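Colleague: Mind looking over this structure? Questions follow.
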Amino acid sequence: MSSPQRHAWIAAAAWTVLSILGIVLVAGIQVIPVIASREAEIENSAFVLLTVLSVPVLMFVVVGLAYSALRFRANGDKEDGPPIHGSRGFQAVWLSVSFALVIGLFGYGAVGLIDIRGAQASEFEVQVRAEQWAWHFKYPSGVESKELHIPVGERVHLVINSDDVIHSFWVPAFGVKQDAVPGRPTQIYVTATVAGTYPGMCAELCGLGHTDMRLTVVVSDRAGLEDWLNHNQVPGPGGSQPPPSGSEPPK
Amino acid sequence: MTTHAGTRDPHEHLDHMGFGEQDPQQASSNMLLGVRLGILSEVMLFGALFAAYFVIRSESGGWPPAGQERPELLLPGLNTLLLLSSSVTMQWAVRAIGRGQVATMRLSLRLTLLLGSIFIIVQGYEFATNGFGLDAGVFGSTFYTLTGFHGAHVLAGLGFMAVVATRARRGLISQEHHTAVEAASYYWHFVDVVWLFLFSTVYVL
Amino acid sequence: MKALKPGLTRAVLGAAIGGGIGIGSLVLASSAGLVIEDGQFLGLAYLLALIGFLFGIGAFRFWVTWAFGREVDAADEHAAHGTAGDWRRYFRFTTDHKVIGVQYLVTAFLLFLTAGTFAMLMRLELAQPGLLLGKEAYNEIMSTHGAMMITVALISIIGGLGNFLVPIMIGARDMAFPKTNALSYWLLPLPILLVAINPLLGGFDSGWTAYPPLSQQANLGQQAYLMAFVTVGVSSILSAINFLVTVFRMRAPGMSLMRMPIFVWALTVTATLMLVATSVVAGAFTMLLFDRVLGTSFFRASRGGDVILFQHLFWFYSHPAVYIMGLPGLGAILEVVPVFARKPLFAYPLAVLSFISIGVLSFMVWAHHMFVSGMAEFFHIPIMLTTELISVPTGIVFLAALGTIWMGKLHFKTPMLWVFGFIWAFLIGGITGVYLADVPTDITLSDTYFVVAHFHYTIVGGTIFGLFAGTYYWFPKITGRMYNERLGQLHFWWFTLAFNATFLPMFWLGIEGMRRRVADYPGQFGGLNLWISFAAFNIFLSVAVFVFNMVRSWRRGPKAAANPWRAHTLEWQVASPPPIANFEEIPTVSEGPYEYGGGAGLPAEGRAAP
């Protein structure tokens, strides 16, 4: 085997071994630290795919550099290298593979995006209002709170507004984030899958209080949610409010 | 790359044009290319302003917004005629000097200056009698920013033409040396085209 | 009187007079009953100070003379080109592209050091949970750091190395418009000063992105930033016109476009982007300034304005801007590789095509900065496609670099070390960019430290590594002396290790939920932030080594030969530093720039002009 071919085969072998090792290492990882929604689940699988595909790309370059640094040093040799200007074949393969990778990634991402954001139907709607520097939530029954309470397993629609500057509503465990824009309501659709309490925070620089502009989300079953809503009724002009529709009779 | 010693570069010597200059024809052509590129950049500026106008207008639910009225078309219509004619006279100037007719060029240039100046006066009068200002919500904001930037460009063009007219009066413009006239004409036609676009989208449609 | 001759003294005087007239006239207006706001004072004062400064430095004297139909003073025009060895020409309105290049380079590095100091202050705050400097101070320091570094990235390579080298590399005596070139440079000191002193005006806390409504609320320092940015934009556009006309009209006989050095190609595409995109952000910032100062409502939702419109206009420029920052670095890297691998640049025509494709595509991806902005839903999918696609031509840079390196005869001098460092860093930047391009993953990552890490890897990895590679490579050509190789290697290793140690952990921090632009963070991130601050401080120290090396070598380094690297491009065929007219005779070119391995041996030494 000629010298150029030997170099290529050894490097290819190193690349294959390292890529396989790398893929095995990353294939099952969970990237999003806490996953508590359908959307976050979909997004995590996108993360894993990207990471798995990154491994051979990374290894290709790293092996190329390392091998060259070790084997192609001039070491006092004043001669030039071989006058190779390019390789039609190699260039064509490079272009095709990168193009295919990109189109594949796009397809996967587009499908995921439509899955996450596509359907506009929901079973529970909350009005979210951002101001410098706090979050306010208003429920269908008229209850207002600084905490977000939503039912588990149901598709929730958040309508987000801002009173002043741009803020951004983010709950990492849900994998949802959307800016709160003055003058234009924005939307989030989310289906929480695990009951619990999760932190959220503002994700767009909004002035001095941005650092501390946080919120809490409580995910519970419908019964628990109705309970909480009743507990937090704002007394209306005629006494207590009628219970929210679709609720169980009080225990 | 290997190089090859040719005959001595005749422009290597320092002459009154200084370093880096090539022969006058080439320098003139380079200058005009530079002007065209500059105009391209200005087109993008107006692009941003028009984009803002279209977006804001399409989101406003009614144009003009409630309680506001668009300017009458008489004065801007007159201005359109003025600018169109001034482009014609500007082009006469270019043609004339291309044929070496300095006097005709000077006359056409002065006519262009006159027409352009009347444009500014008419526009100023229109602004004063419009009944709304820059701070009249988005309507005033978009109207005056677009027409204001255009007007500023007209003023700059008139200033440049005045400079060219001065040089012409001193006999510095000829059939061989008239880059400035051509440059002024590129700029002036650009200003005219922007006006046509502005007139149609801000005043009429 | 010395102050009456065009020069810095007169320029400062002119600025003071201009500013004075601006303030004075508005004071008069206000005493006559008009209500004048602070922002209007600042606006007019700055504008007139800038014009006064330029008049004072003598930027307009030739054009004014021409305008009045008088003969230009030939001796003055000749003198404006500067005399070799006269250090004062660097402080004047000098039209020699080599002087202007050095002016840009030194200014850029000084700005780099200043912005780096601001970064150290940021890392001081972030070293531990809790507040040290305070939220207001942090936001202002952070915003100024960003604004300054962006400016460095925009001007250092194309303004510095580009101005110095491009005319020589294509066989010309100067740029197409030498006076405009000098004007481009002298437009910079005042805006840079304005950004540097903006804390005195109250600072600006909106980040360099200046989104309204926050930026409409903010104080005068915000306005100072906006005005400075527009000024730098004007300088950019003039520069771009100069580069394009020079490259398309002034190449030496035999230098076809496909025989141009790849560095020149990279700068040509860069100049095109500068020319076309800059006006759009100038428009956006002007509208924002008008909202602040003249009562317009472009971005005031309550009066019919559209807040997201600003973002569209801003990013329509600012995405091409990252290629304006990156392409010159890529060009410098690809310029260096063939020389130190002793091999032709692999896939040169494809590399040229990919630069052009990057340029074109860069106008179609801007909204990937807005995936969570609340913009129209339908837009996400086409933008995701174009953004993913742009990684194909960008990947070609790796093909060209690796293809040149593979089977070459590698000489690991400092410039080549930076090439290897670039390949790693830009790769990480590129791969992580895909995570941001993919909307499902971007939702989690947007506005977190993942983004901060990504853009530092691409911009530092691309632009700064390219800047260092180019500065070391061309140092002997520019200064006539050789830098110290061991200090160069020390700088490289220290910087690279510190840089990776600083920014690699930030990807993890972002995924774990640490947001960007915050002065404080949850306690669990404390340990890693402390490490990052320590590593960042090392970056700063390594740059001190660089500065020491540059200054000492420039003053007392060993004299450099005309072609110490045995390179084939035209700038190496003339003396180091080049003679004032660049060439004794304009050469005729008969082959491409990277014909290594041809067996022809060393290229002939050029003859310098007397």
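Naming scheme: A, B, ... for chains in displayed order of the structure tokens; residues 1 onward per chain; ligands 1 onward as shown.
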With a distance threshold of 8 Å and counting only C-alpha atoms, extract the residues of chain C near chain B and express them as an MDAnalysis selection string.
Modeller: chainID C and resid 67:69 74 77:78 81 172:176 178 237:238 241:242 245 249 275:280 282:284 294:298 303:306 309 313 568:570 581 584:595 603:604
Colleague: Rounded to one decimal place, report the atom CA of Leu334 of chain C-atom CA of Phe346 of chain C distance in Å.
Modeller: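 Pair atom CA of Leu334 of chain C / atom CA of Phe346 of chain C returns 9.5 Å.
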Colleague: Show me, as a short mmCIF file (atom, residue, chain, number, x, y, z; two decimals) with N, CA and C atoms, in the first residue's frame, the residues that have an atom within 6 Å of segment 157-170 of chain A when counting only C-alpha atoms, minus same-chain residues fewer than 2 positions from it.
Modeller:
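Final output, out.cif:
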```cif
data_model
loop_
_atom_site.label_atom_id
_atom_site.label_comp_id
_atom_site.auth_asym_id
_atom_site.auth_seq_id
_atom_site.Cartn_x
_atom_site.Cartn_y
_atom_site.Cartn_z
N SER A 122 -56.64 23.57 23.16
CA SER A 122 -56.19 23.39 24.53
C SER A 122 -57.38 23.16 25.44
N GLU A 125 -56.75 27.41 29.86
CA GLU A 125 -56.06 28.62 29.41
C GLU A 125 -55.75 29.53 30.58
N VAL A 126 -54.55 30.09 30.57
CA VAL A 126 -54.15 31.05 31.60
C VAL A 126 -53.60 32.29 30.92
N GLN A 127 -53.99 33.44 31.41
CA GLN A 127 -53.44 34.71 30.93
C GLN A 127 -52.21 35.04 31.76
N VAL A 128 -51.09 35.24 31.07
CA VAL A 128 -49.84 35.54 31.76
C VAL A 128 -49.49 37.00 31.49
N ARG A 129 -49.15 37.70 32.59
CA ARG A 129 -48.82 39.12 32.41
C ARG A 129 -47.45 39.37 33.04
N ALA A 130 -46.56 39.95 32.26
CA ALA A 130 -45.22 40.23 32.77
C ALA A 130 -45.07 41.72 32.98
N GLU A 131 -44.37 42.09 34.04
CA GLU A 131 -44.05 43.50 34.24
C GLU A 131 -42.68 43.56 34.91
N VAL A 176 -40.36 25.00 27.39
CA VAL A 176 -41.10 26.04 26.69
C VAL A 176 -40.52 27.41 27.04
N LYS A 177 -40.47 28.26 26.02
CA LYS A 177 -39.96 29.60 26.24
C LYS A 177 -40.57 30.50 25.18
N GLN A 178 -41.07 31.66 25.60
CA GLN A 178 -41.63 32.60 24.63
C GLN A 178 -41.56 33.99 25.20
N ASP A 179 -41.21 34.95 24.37
CA ASP A 179 -41.10 36.33 24.84
C ASP A 179 -42.47 36.92 25.17
N ALA A 180 -42.47 37.81 26.15
CA ALA A 180 -43.66 38.60 26.46
C ALA A 180 -43.44 39.96 25.83
N VAL A 181 -44.26 40.30 24.84
CA VAL A 181 -44.01 41.48 24.02
C VAL A 181 -45.11 42.51 24.24
N PRO A 182 -44.78 43.73 24.62
CA PRO A 182 -45.83 44.74 24.78
C PRO A 182 -46.53 44.98 23.45
N PRO A 185 -49.92 39.87 22.05
CA PRO A 185 -49.97 38.65 22.88
C PRO A 185 -49.24 37.51 22.18
N THR A 186 -48.50 36.73 22.94
CA THR A 186 -47.82 35.56 22.38
C THR A 186 -48.34 34.31 23.07
N GLN A 187 -48.02 33.16 22.48
CA GLN A 187 -48.66 31.92 22.93
C GLN A 187 -47.66 30.86 23.32
N ILE A 188 -48.04 30.07 24.32
CA ILE A 188 -47.32 28.81 24.60
C ILE A 188 -48.38 27.72 24.76
N TYR A 189 -48.11 26.57 24.16
CA TYR A 189 -48.93 25.39 24.40
C TYR A 189 -48.06 24.36 25.07
N GLY A 200 -39.41 28.69 37.25
CA GLY A 200 -39.37 29.34 35.94
C GLY A 200 -38.68 30.68 36.14
N MET A 201 -38.31 31.31 35.02
CA MET A 201 -37.63 32.60 35.15
C MET A 201 -37.76 33.40 33.86
N CYS A 202 -37.49 34.69 33.99
CA CYS A 202 -37.52 35.56 32.82
C CYS A 202 -36.27 35.33 32.00
N ALA A 203 -36.42 35.20 30.68
CA ALA A 203 -35.27 34.88 29.84
C ALA A 203 -35.00 35.94 28.78
N GLU A 204 -35.27 37.20 29.11
CA GLU A 204 -34.88 38.28 28.21
C GLU A 204 -34.56 39.48 29.06
N CYS A 206 -34.41 42.57 30.94
CA CYS A 206 -35.53 43.50 31.07
C CYS A 206 -35.23 44.60 32.07
N PRO C 213 -38.69 47.89 24.11
CA PRO C 213 -38.78 49.17 24.80
C PRO C 213 -37.70 49.45 25.84
N LEU C 214 -36.92 48.44 26.26
CA LEU C 214 -35.93 48.69 27.31
C LEU C 214 -34.99 49.82 26.92
#
```
Colleague: Mind checking DSSP for segment 79-180 of chain B and telling me the helix (DSSP H, G or I) residues as a compact mmCIF listing (two decimals) with C-alpha atoms, in the first residue's frame?
Modeller:
```txt
# COMPACT_ATOMS: atom_id res chain seq x y z
CA ASN B 79 -43.50 67.80 -6.58
CA THR B 80 -43.53 64.61 -8.58
CA LEU B 81 -43.71 66.59 -11.80
CA LEU B 82 -40.92 68.85 -10.60
CA LEU B 83 -38.61 65.96 -9.79
CA LEU B 84 -39.37 64.09 -12.98
CA SER B 85 -38.61 67.17 -15.03
CA SER B 86 -35.45 67.77 -13.07
CA SER B 87 -34.24 64.28 -13.94
CA VAL B 88 -34.82 65.11 -17.58
CA THR B 89 -32.85 68.33 -17.32
CA MET B 90 -30.10 66.50 -15.42
CA GLN B 91 -29.82 63.99 -18.20
CA TRP B 92 -29.68 66.83 -20.77
CA ALA B 93 -26.71 68.16 -18.85
CA VAL B 94 -24.93 64.82 -19.05
CA ARG B 95 -25.66 64.44 -22.76
CA ALA B 96 -24.55 67.96 -23.45
CA ILE B 97 -21.19 67.69 -21.74
CA GLY B 98 -20.68 64.34 -23.41
CA VAL B 102 -20.38 73.28 -21.85
CA ALA B 103 -22.87 76.14 -22.07
CA THR B 104 -25.81 73.79 -22.59
CA MET B 105 -24.63 71.65 -19.72
CA ARG B 106 -24.43 74.67 -17.43
CA LEU B 107 -27.90 75.78 -18.37
CA SER B 108 -29.42 72.35 -17.83
CA LEU B 109 -27.64 72.01 -14.54
CA ARG B 110 -28.98 75.32 -13.30
CA LEU B 111 -32.47 74.32 -14.41
CA THR B 112 -32.13 71.12 -12.42
CA LEU B 113 -31.04 73.09 -9.41
CA LEU B 114 -34.01 75.40 -9.80
CA LEU B 115 -36.54 72.60 -10.12
CA GLY B 116 -35.01 70.79 -7.15
CA SER B 117 -35.09 73.92 -5.02
CA ILE B 118 -38.73 74.53 -5.82
CA PHE B 119 -39.36 70.93 -4.76
CA ILE B 120 -37.84 71.66 -1.38
CA ILE B 121 -39.87 74.82 -0.93
CA VAL B 122 -43.12 73.12 -1.90
CA GLN B 123 -42.36 70.22 0.41
CA GLY B 124 -41.56 72.57 3.26
CA TYR B 125 -44.87 74.35 2.74
CA GLU B 126 -46.67 71.03 2.65
CA PHE B 127 -45.06 69.97 5.94
CA ALA B 128 -46.03 73.24 7.56
CA THR B 129 -49.66 72.95 6.52
CA GLY B 137 -48.19 58.37 16.49
CA VAL B 138 -46.91 55.96 13.87
CA PHE B 139 -48.62 57.87 11.10
CA GLY B 140 -46.57 60.98 11.68
CA SER B 141 -43.48 58.94 12.50
CA THR B 142 -43.43 57.00 9.25
CA PHE B 143 -44.57 59.90 7.08
CA TYR B 144 -42.02 62.43 8.24
CA THR B 145 -39.15 59.99 8.63
CA LEU B 146 -39.54 58.73 5.06
CA THR B 147 -40.16 62.10 3.44
CA GLY B 148 -37.61 63.73 5.73
CA PHE B 149 -34.83 61.33 4.80
CA HIS B 150 -35.75 61.77 1.17
CA GLY B 151 -35.72 65.53 1.53
CA ALA B 152 -32.32 65.38 3.19
CA HIS B 153 -31.04 63.42 0.22
CA VAL B 154 -32.51 66.02 -2.15
CA LEU B 155 -30.70 68.75 -0.24
CA ALA B 156 -27.44 66.85 -0.42
CA GLY B 157 -27.94 66.39 -4.14
CA LEU B 158 -28.63 70.08 -4.63
CA GLY B 159 -25.51 70.90 -2.64
CA PHE B 160 -23.40 68.68 -4.82
CA MET B 161 -24.93 70.15 -7.98
CA ALA B 162 -24.15 73.64 -6.74
CA VAL B 163 -20.53 72.58 -6.31
CA VAL B 164 -20.46 71.17 -9.83
CA ALA B 165 -22.04 74.36 -11.17
CA THR B 166 -19.33 76.41 -9.46
CA ARG B 167 -16.60 74.31 -11.00
CA ALA B 168 -18.31 74.62 -14.36
CA ARG B 169 -18.36 78.38 -14.02
CA THR B 179 -16.97 62.82 -13.89
CA ALA B 180 -18.71 65.01 -11.32
```
Colleague: Compare A:Trp9, A:Phe47, A:Phe124, A:Tyr198 by their minimum atom-to-atom distance to Gly112 of chain A, counting only C-alpha atoms, and give me the closest one.
Modeller: A:Phe47
Colleague: Excluding Leu229 of chain A and residues on its chain fewer than 6 positions from it, collect all residues at most 10 Å away from it, counting only C-alpha atoms, and give them as a VMD selection string.
Modeller: chain A and resid 139 to 145 149 223 243 to 244
Colleague: Can I get the selected residues back with N, CA and C atoms, as a compact mmCIF listing (two decimals), in the first residue's frame?
Modeller:
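After the write, selection.txt holds the following:
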```txt
# COMPACT_ATOMS: atom_id res chain seq x y z
N TYR A 139 -56.60 33.25 35.88
CA TYR A 139 -57.24 31.99 35.50
C TYR A 139 -58.62 32.23 34.93
N PRO A 140 -59.20 31.24 34.25
CA PRO A 140 -60.51 31.43 33.61
C PRO A 140 -61.59 31.89 34.59
N SER A 141 -61.50 31.44 35.85
CA SER A 141 -62.53 31.83 36.80
C SER A 141 -62.34 33.24 37.34
N GLY A 142 -61.28 33.88 36.97
CA GLY A 142 -61.04 35.23 37.47
C GLY A 142 -59.99 35.29 38.56
N VAL A 143 -59.56 34.13 39.07
CA VAL A 143 -58.52 34.10 40.11
C VAL A 143 -57.23 34.70 39.56
N GLU A 144 -56.57 35.50 40.38
CA GLU A 144 -55.25 36.01 39.99
C GLU A 144 -54.23 35.59 41.01
N SER A 145 -53.04 35.27 40.52
CA SER A 145 -52.01 34.79 41.44
C SER A 145 -50.65 35.08 40.86
N HIS A 149 -50.48 27.57 38.30
CA HIS A 149 -50.95 26.22 38.63
C HIS A 149 -51.61 25.65 37.39
N ALA A 223 -58.25 17.76 40.28
CA ALA A 223 -58.91 17.97 41.58
C ALA A 223 -58.11 18.94 42.43
N PRO A 243 -68.44 27.93 41.20
CA PRO A 243 -67.25 27.10 40.97
C PRO A 243 -66.93 27.02 39.48
N PRO A 244 -65.67 26.84 39.15
CA PRO A 244 -65.29 26.76 37.72
C PRO A 244 -65.98 25.58 37.04
```
Colleague: Need the shell around Glu485 of chain C: protein/DNA/RNA residues with any atom at most 8 Å away, counting only C-alpha atoms. Skip same-chain ones fewer than 2 positions apart. Format as number ranges by chain?
Modeller: C: 413-414, 483, 487-489
Colleague: Using the selection just defined, write its residues with C-alpha atoms as a CSV table (one decimal), in the first residue's frame.
Modeller:
```
chain,number,residue,atom,x,y,z
C,413,LYS,CA,5.6,28.4,13.9
C,414,THR,CA,3.2,30.6,15.8
C,483,TYR,CA,8.6,38.8,16.6
C,487,LEU,CA,6.9,34.2,23.4
C,488,GLY,CA,4.5,33.6,20.5
C,489,GLN,CA,4.2,30.0,21.3
```
Colleague: Quick check, in Å to one decimal: how far apart do atom CA of Leu105 of chain A and atom CA of Gly429 of chain C lie?
Modeller: 17.5 Å
Colleague: Please indicate the distance in Å from atom CA of Thr387 of chain C to atom CA of Ala437 of chain C, rounded to one decimal place.
Modeller: 6.0 Å
Colleague: So, counting only C-alpha atoms, which residue among C:Trp406, C:Phe53, C:Phe299, C:Tyr457 is closest to Ala11 of chain A?
Modeller: C:Trp406
Colleague: From the DSSP assignment of the backbone, select every residue of segment 29-230 of chain A that is strand (DSSP E), and format the answer as a PyMOL selection string.
Modeller: chain A and resi 124-131+134-138+144-145+148-151+155-162+167-171+176-180+186-191+196-202+214-220
Colleague: Rank C:Ile158, C:Met325, C:Leu509, C:Met384 by their smallest atom-to-atom distance to Thr441 of chain C, using only C-alpha atoms, and report the top residue only.
Modeller: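 The answer is C:Met384, which sits nearest to Thr441 of chain C.
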Colleague: Which residues of segment 177-249 of chain C have any atom within 10 Å of an atom in segment 103-122 of chain C when counting only C-alpha atoms, and what is the closest pair of atoms for each, with the distance in Å to one decimal? Order the rows by chain and rising number and write it as CSV.
Modeller:
```
residue,atom,partner,partner_atom,distance
C:Ala182,CA,C:Gln103,CA,9.6
C:Ser184,CA,C:Tyr104,CA,9.8
C:Tyr185,CA,C:Tyr104,CA,6.8
C:Trp186,CA,C:Gln103,CA,9.4
C:Leu188,CA,C:Thr107,CA,9.1
C:Pro189,CA,C:Thr107,CA,8.5
C:Ile192,CA,C:Leu111,CA,8.2
C:Ala196,CA,C:Thr114,CA,8.7
```
Colleague: Create the file for the chosen residues now, containing C-alpha atoms and written as a short mmCIF file (atom, residue, chain, number, x, y, z; two decimals), in the first residue's frame.
Modeller:
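Output (again-v1.cif):
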```cif
data_model
loop_
_atom_site.label_atom_id
_atom_site.label_comp_id
_atom_site.auth_asym_id
_atom_site.auth_seq_id
_atom_site.Cartn_x
_atom_site.Cartn_y
_atom_site.Cartn_z
CA ALA C 182 -8.17 57.93 5.79
CA SER C 184 -12.93 55.92 7.28
CA TYR C 185 -10.28 55.62 9.93
CA TRP C 186 -10.68 59.10 11.41
CA LEU C 188 -13.62 56.10 14.52
CA PRO C 189 -11.90 57.88 17.43
CA ILE C 192 -14.97 54.90 20.38
CA ALA C 196 -15.67 54.44 26.46
#
```
Colleague: Would you mind listing what lies within 8 Å of Gly86 of chain A as a ChimeraX atom specification, with only C-alpha atoms counted and same-chain residues fewer than 3 positions away left out?
Modeller: /A:91 /C:346-348,403
Colleague: Calculated over only C-alpha atoms, which of the candidates A:Val190, A:Val156, A:Leu95, A:Leu215 has the smallest distance to chain C?
Modeller: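 Using only C-alpha atoms, the shortest distance to chain C belongs to A:Leu95.
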